[in-house]
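**Q** Starting off with a structure, shown below.
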Amino acid sequence: MRIAQRRVLLIGGVIALSAASCVTVKPSQRQYLALPEMEPETGADEEEWQTHVESAREGGFGGHGAAGGGCGCG
Amino acid sequence: MRLSVGRAGSPAVFVAALAAWLCTLWAVGAITLGVAPIAQAENRITLRGNYYREQSTRVLAPELQFSVDVLDERLTVGGSYFLDVVSSASIATGTADATGGDNVFTELRHQAVGTVASKLGPWSLDAFFLYTTETDYVGRSVGAGVGRDFLQRTLNLRLNYAYNFDRVYRIFGSGGRRLAWCGGSYGPNCDRYPDGTNLLQTHYLSASYAQAVHPTVLLLGSFEYAYLQGPQDNPYRGMLIPNAEQESHPLKRHRFALWVGPRWHIRKGRVTLEPRYRFSADDWGVFAHVAELRLYWRVHAHVLLRGRYRFYTQSSSFFFDEGYMYEYDEGEFCTRDTPSGCASADPKLSAFHSHTPGLQITYELDGLARHKGLRWLERGFIEANYNYVFQTSRFGPARALGSIAFSLAF
């Protein structure tokens, strides 16, 4: 095998190994992440109401996810 | 090489977080952005009653939401209907001429949203359409998002885009005659100025990140940008400005926001901490900071308490005057180069701060679902929350901000 091909395989192997080592939480360790209070989607409905009130009472922007439609709240 | 992850609170947790950030940079560089756990793997219907009360305004807002997996999680469709019932004192909002005097008037805003989402392997796709209407405002919004899981679903990256196109009107007299509101002026065709229009367009873009860096730690963050073009002033508030007949704001606005909100579950106390910080800025000169701390306490297997404290502060826009005293020139547009074209009575553009403490209780119905004949309550919940807003703007404090919700999975 040529030297260049060996180098490509070596670099690819290093990248693959480094990617595998980036997984810091194994599937068997995720029971606490599944709690409702740890799930960002929980409370999304209440977050929409808070966003609606804040847009009508504050000059700030964002922090609650994708934009929704407007209203004559100004 | 595997990382040795320590117990929650130990220095190893922070080393793990740093390693996770480095791994994130690798993943972003290697593969295009995408990811969002939008599609829910269950059918659900939720009825929510929202409430807001301050001195001159009361809002009741019932809402109905549903989502259904048409083909397991590969295709989920959803929808919602939202009714805004807003009761205000007309003089306080500048609408006395529309109501024929200082009266309490009630306005209804209807909003309907349709959503579709799909999860195909590590990819998530979703789209929505929103329609909202009230007597002097029609809003439409369409958007889409794409997301992708990385690192065995411990990392989610996501991009969202939305386009809003709203029409703004002004109501005259008790007869309800409606004319187009063009931004500082009104008329049947918005022909007072070149390219005049009552169309308010918004382009919105966001990139968000979520990563499990430890069995009990979740990192979350987002960056958002919005560009608005069109009338962004209030058609009625000019009555509150001594030297101007109409309120007049710039017709364009660039807005930015950076948000972080990690979550840390502490196993011993069954407590979850969620600190949040958001910085937003725009080219009108409004800089805002939000610092918030949420504490969740699972007091019982099916009872969750949440306490929150939110601090908000903002600066005023470049053209806002606290006394509403403007050397207003009706012939100029409101820009940084021509501030004489500006006049505003919008408390949202003043410098102010607020404190919001709040409590929430959630009762998960899984405990009741174990009884005969009540299995249909499984994964359902009842939720109630109450907040009080101490704010120094002219709106005054909000004595109540909260909601009650009942949700069932089916």
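Residue numbers start at 1 in each chain; chains themselves are named A, B, ... in the order of the structure tokens; ligands are numbered from 1 in the order shown.
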I need the strand (DSSP E or B) residues of segment 20-248 of chain B per DSSP on the backbone, written as a ChimeraX atom specification.
**A** /B:44-54,57-71,73,75-89,104-120,123-134,137-150,155-172,177-181,186-187,199-214,217-229,248
**Q** Residues of chain B within 6 Å of chain A, using only C-alpha atoms, as a VMD selection string?
**A** chain B and resid 1 to 2 23 137 139 to 141 151 213 to 215 234 257 259 280 288 348 to 349
**Q** Rounded to one decimal, what separation in Å do you get between atom CA of Pro262 of chain B and atom CA of Asn50 of chain B?
**A**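 These two atoms are separated by 26.5 Å.
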**Q** Do you know which residues are at most 10 Å from Thr335 of chain B counting only C-alpha atoms, after dropping those on the same chain fewer than 5 positions away, and could you put them as a VMD selection string?
**A** chain B and resid 248 to 252 284 318 to 319 340 to 342
**Q** Please write the residues from the selection above to a file, keeping all heavy atoms, as a tab-separated table (two decimals), in the first residue's frame.
**A**
```tsv
chain	number	residue	atom	x	y	z
B	248	SER	N	-44.38	57.60	15.43
B	248	SER	CA	-43.57	57.33	14.24
B	248	SER	C	-42.27	56.67	14.67
B	248	SER	O	-41.46	57.27	15.37
B	248	SER	CB	-43.28	58.64	13.49
B	248	SER	OG	-42.46	58.39	12.36
B	249	HIS	N	-42.08	55.40	14.25
B	249	HIS	CA	-40.86	54.64	14.52
B	249	HIS	C	-40.12	54.39	13.21
B	249	HIS	O	-40.69	54.53	12.12
B	249	HIS	CB	-41.22	53.28	15.15
B	249	HIS	CG	-41.78	53.38	16.53
B	249	HIS	ND1	-42.26	52.27	17.21
B	249	HIS	CD2	-41.93	54.43	17.37
B	249	HIS	CE1	-42.69	52.65	18.41
B	249	HIS	NE2	-42.50	53.95	18.53
B	250	PRO	N	-38.85	53.98	13.29
B	250	PRO	CA	-38.16	53.59	12.05
B	250	PRO	C	-38.89	52.45	11.36
B	250	PRO	O	-39.54	51.62	12.01
B	250	PRO	CB	-36.78	53.15	12.56
B	250	PRO	CG	-36.60	53.84	13.85
B	250	PRO	CD	-37.97	53.93	14.46
B	251	LEU	N	-38.77	52.38	10.04
B	251	LEU	CA	-39.45	51.35	9.27
B	251	LEU	C	-38.63	50.06	9.18
B	251	LEU	O	-39.13	49.06	8.69
B	251	LEU	CB	-39.75	51.86	7.87
B	251	LEU	CG	-40.81	52.97	7.79
B	251	LEU	CD1	-40.90	53.52	6.38
B	251	LEU	CD2	-42.17	52.46	8.24
B	252	LYS	N	-37.38	50.10	9.63
B	252	LYS	CA	-36.54	48.91	9.56
B	252	LYS	C	-35.91	48.65	10.94
B	252	LYS	O	-35.65	49.58	11.70
B	252	LYS	CB	-35.42	49.09	8.52
B	252	LYS	CG	-35.93	49.27	7.11
B	252	LYS	CD	-34.79	49.47	6.12
B	252	LYS	CE	-35.35	49.70	4.73
B	252	LYS	NZ	-34.26	49.91	3.73
B	284	TRP	N	-32.02	49.91	17.02
B	284	TRP	CA	-32.74	51.04	17.59
B	284	TRP	C	-32.11	51.48	18.91
B	284	TRP	O	-32.58	52.40	19.55
B	284	TRP	CB	-34.20	50.66	17.85
B	284	TRP	CG	-35.03	50.54	16.61
B	284	TRP	CD1	-34.60	50.54	15.31
B	284	TRP	CD2	-36.45	50.39	16.54
B	284	TRP	NE1	-35.64	50.39	14.45
B	284	TRP	CE2	-36.80	50.30	15.18
B	284	TRP	CE3	-37.46	50.33	17.50
B	284	TRP	CZ2	-38.12	50.14	14.75
B	284	TRP	CZ3	-38.78	50.19	17.08
B	284	TRP	CH2	-39.09	50.11	15.72
B	318	PHE	N	-32.85	54.95	20.71
B	318	PHE	CA	-32.16	56.23	20.49
B	318	PHE	C	-33.13	57.38	20.34
B	318	PHE	O	-32.77	58.53	20.55
B	318	PHE	CB	-31.24	56.14	19.25
B	318	PHE	CG	-31.97	56.11	17.92
B	318	PHE	CD1	-32.27	57.30	17.26
B	318	PHE	CD2	-32.33	54.92	17.33
B	318	PHE	CE1	-32.93	57.28	16.03
B	318	PHE	CE2	-32.98	54.88	16.11
B	318	PHE	CZ	-33.28	56.07	15.46
B	319	PHE	N	-34.38	57.11	19.99
B	319	PHE	CA	-35.32	58.18	19.71
B	319	PHE	C	-36.37	58.36	20.81
B	319	PHE	O	-37.23	59.23	20.71
B	319	PHE	CB	-36.03	57.94	18.37
B	319	PHE	CG	-36.70	56.59	18.25
B	319	PHE	CD1	-38.00	56.41	18.69
B	319	PHE	CD2	-36.03	55.51	17.70
B	319	PHE	CE1	-38.62	55.18	18.58
B	319	PHE	CE2	-36.64	54.27	17.58
B	319	PHE	CZ	-37.95	54.11	18.03
B	340	SER	N	-35.73	63.84	13.92
B	340	SER	CA	-36.89	64.73	14.03
B	340	SER	C	-38.15	64.07	13.47
B	340	SER	O	-39.25	64.55	13.70
B	340	SER	CB	-36.62	66.05	13.30
B	340	SER	OG	-36.36	65.81	11.93
B	341	GLY	N	-37.98	63.00	12.72
B	341	GLY	CA	-39.14	62.26	12.21
B	341	GLY	C	-39.66	61.23	13.19
B	341	GLY	O	-40.57	60.47	12.86
B	342	CYS	N	-39.10	61.19	14.39
B	342	CYS	CA	-39.46	60.17	15.38
B	342	CYS	C	-40.34	60.74	16.47
B	342	CYS	O	-40.12	61.87	16.93
B	342	CYS	CB	-38.21	59.57	16.04
B	342	CYS	SG	-36.98	58.92	14.91
```
**Q** What's the 7 Å shell around Ser222 of chain B, counting only C-alpha atoms, without same-chain residues fewer than 2 positions away, as a PDB file with N, CA, C and O atoms, in the first residue's frame?
**A**
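Contents of out-v8.pdb, as written:
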```pdb
ATOM      1  N   SER B 206     -32.649  31.265  13.218  1.00  0.00           N
ATOM      2  CA  SER B 206     -32.056  30.879  14.491  1.00  0.00           C
ATOM      3  C   SER B 206     -31.228  29.614  14.315  1.00  0.00           C
ATOM      4  O   SER B 206     -31.512  28.774  13.463  1.00  0.00           O
ATOM      5  N   ALA B 207     -30.192  29.507  15.138  1.00  0.00           N
ATOM      6  CA  ALA B 207     -29.371  28.308  15.230  1.00  0.00           C
ATOM      7  C   ALA B 207     -29.343  27.904  16.689  1.00  0.00           C
ATOM      8  O   ALA B 207     -29.070  28.738  17.554  1.00  0.00           O
ATOM      9  N   SER B 208     -29.652  26.639  16.974  1.00  0.00           N
ATOM     10  CA  SER B 208     -29.702  26.216  18.368  1.00  0.00           C
ATOM     11  C   SER B 208     -28.889  24.947  18.577  1.00  0.00           C
ATOM     12  O   SER B 208     -28.622  24.188  17.646  1.00  0.00           O
ATOM     13  N   TYR B 209     -28.533  24.751  19.823  1.00  0.00           N
ATOM     14  CA  TYR B 209     -27.607  23.689  20.223  1.00  0.00           C
ATOM     15  C   TYR B 209     -28.109  23.055  21.513  1.00  0.00           C
ATOM     16  O   TYR B 209     -28.570  23.759  22.419  1.00  0.00           O
ATOM     17  N   GLU B 224     -30.136  34.021  17.595  1.00  0.00           N
ATOM     18  CA  GLU B 224     -31.272  34.396  16.769  1.00  0.00           C
ATOM     19  C   GLU B 224     -31.049  35.743  16.120  1.00  0.00           C
ATOM     20  O   GLU B 224     -30.403  36.628  16.686  1.00  0.00           O
ATOM     21  N   LEU B 258     -28.717  36.260  21.937  1.00  0.00           N
ATOM     22  CA  LEU B 258     -27.886  35.120  22.299  1.00  0.00           C
ATOM     23  C   LEU B 258     -28.419  34.580  23.624  1.00  0.00           C
ATOM     24  O   LEU B 258     -28.596  35.329  24.570  1.00  0.00           O
ATOM     25  N   TRP B 259     -28.672  33.275  23.668  1.00  0.00           N
ATOM     26  CA  TRP B 259     -29.319  32.681  24.847  1.00  0.00           C
ATOM     27  C   TRP B 259     -28.610  31.408  25.249  1.00  0.00           C
ATOM     28  O   TRP B 259     -28.213  30.617  24.391  1.00  0.00           O
ATOM     29  N   VAL B 260     -28.405  31.211  26.558  1.00  0.00           N
ATOM     30  CA  VAL B 260     -27.879  29.956  27.092  1.00  0.00           C
ATOM     31  C   VAL B 260     -28.779  29.531  28.245  1.00  0.00           C
ATOM     32  O   VAL B 260     -29.243  30.372  29.024  1.00  0.00           O
TER      33      VAL B 260
END
```
**Q** What's the 9 Å shell around Asn387 of chain B, counting only C-alpha atoms, without same-chain residues fewer than 2 positions away, as a count of residues only?
**A** 13
**Q** For a test of reading the model, state the distance in Å between atom CA of Arg310 of chain B and atom CA of Ser354 of chain B, rounded to one decimal.
**A**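 Between atom CA of Arg310 of chain B and atom CA of Ser354 of chain B the gap works out to 8.0 Å.
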**Q** Write out as a PyMOL selection string the residues lying within 7 Å of Pro231 of chain B, counting only C-alpha atoms and excluding same-chain residues fewer than 5 positions away.
**A** chain B and resi 182-183+198+200+251
**Q** Limited to N, CA, C and O atoms, could you put the picked residues into a file as a tab-separated table (two decimals), in the first residue's frame?
**A**
```tsv
chain	number	residue	atom	x	y	z
B	182	CYS	N	-49.52	52.96	7.76
B	182	CYS	CA	-48.33	52.88	6.92
B	182	CYS	C	-47.04	53.15	7.70
B	182	CYS	O	-45.98	53.25	7.11
B	183	GLY	N	-47.13	53.34	9.03
B	183	GLY	CA	-45.95	53.70	9.79
B	183	GLY	C	-45.86	55.21	9.90
B	183	GLY	O	-45.35	55.87	8.99
B	198	ASN	N	-48.58	49.09	4.23
B	198	ASN	CA	-48.96	48.63	5.57
B	198	ASN	C	-48.56	47.18	5.79
B	198	ASN	O	-49.05	46.52	6.70
B	200	LEU	N	-45.98	44.60	7.07
B	200	LEU	CA	-44.84	44.42	7.97
B	200	LEU	C	-44.26	43.03	7.72
B	200	LEU	O	-44.92	42.03	7.96
B	251	LEU	N	-38.77	52.38	10.04
B	251	LEU	CA	-39.45	51.35	9.27
B	251	LEU	C	-38.63	50.06	9.18
B	251	LEU	O	-39.13	49.06	8.69
```
**Q** Could you tell me which of B:Phe150, B:Trp376, B:Trp123, B:Tyr186 comes closest to Leu408 of chain B if we count only C-alpha atoms?
**A** B:Trp376
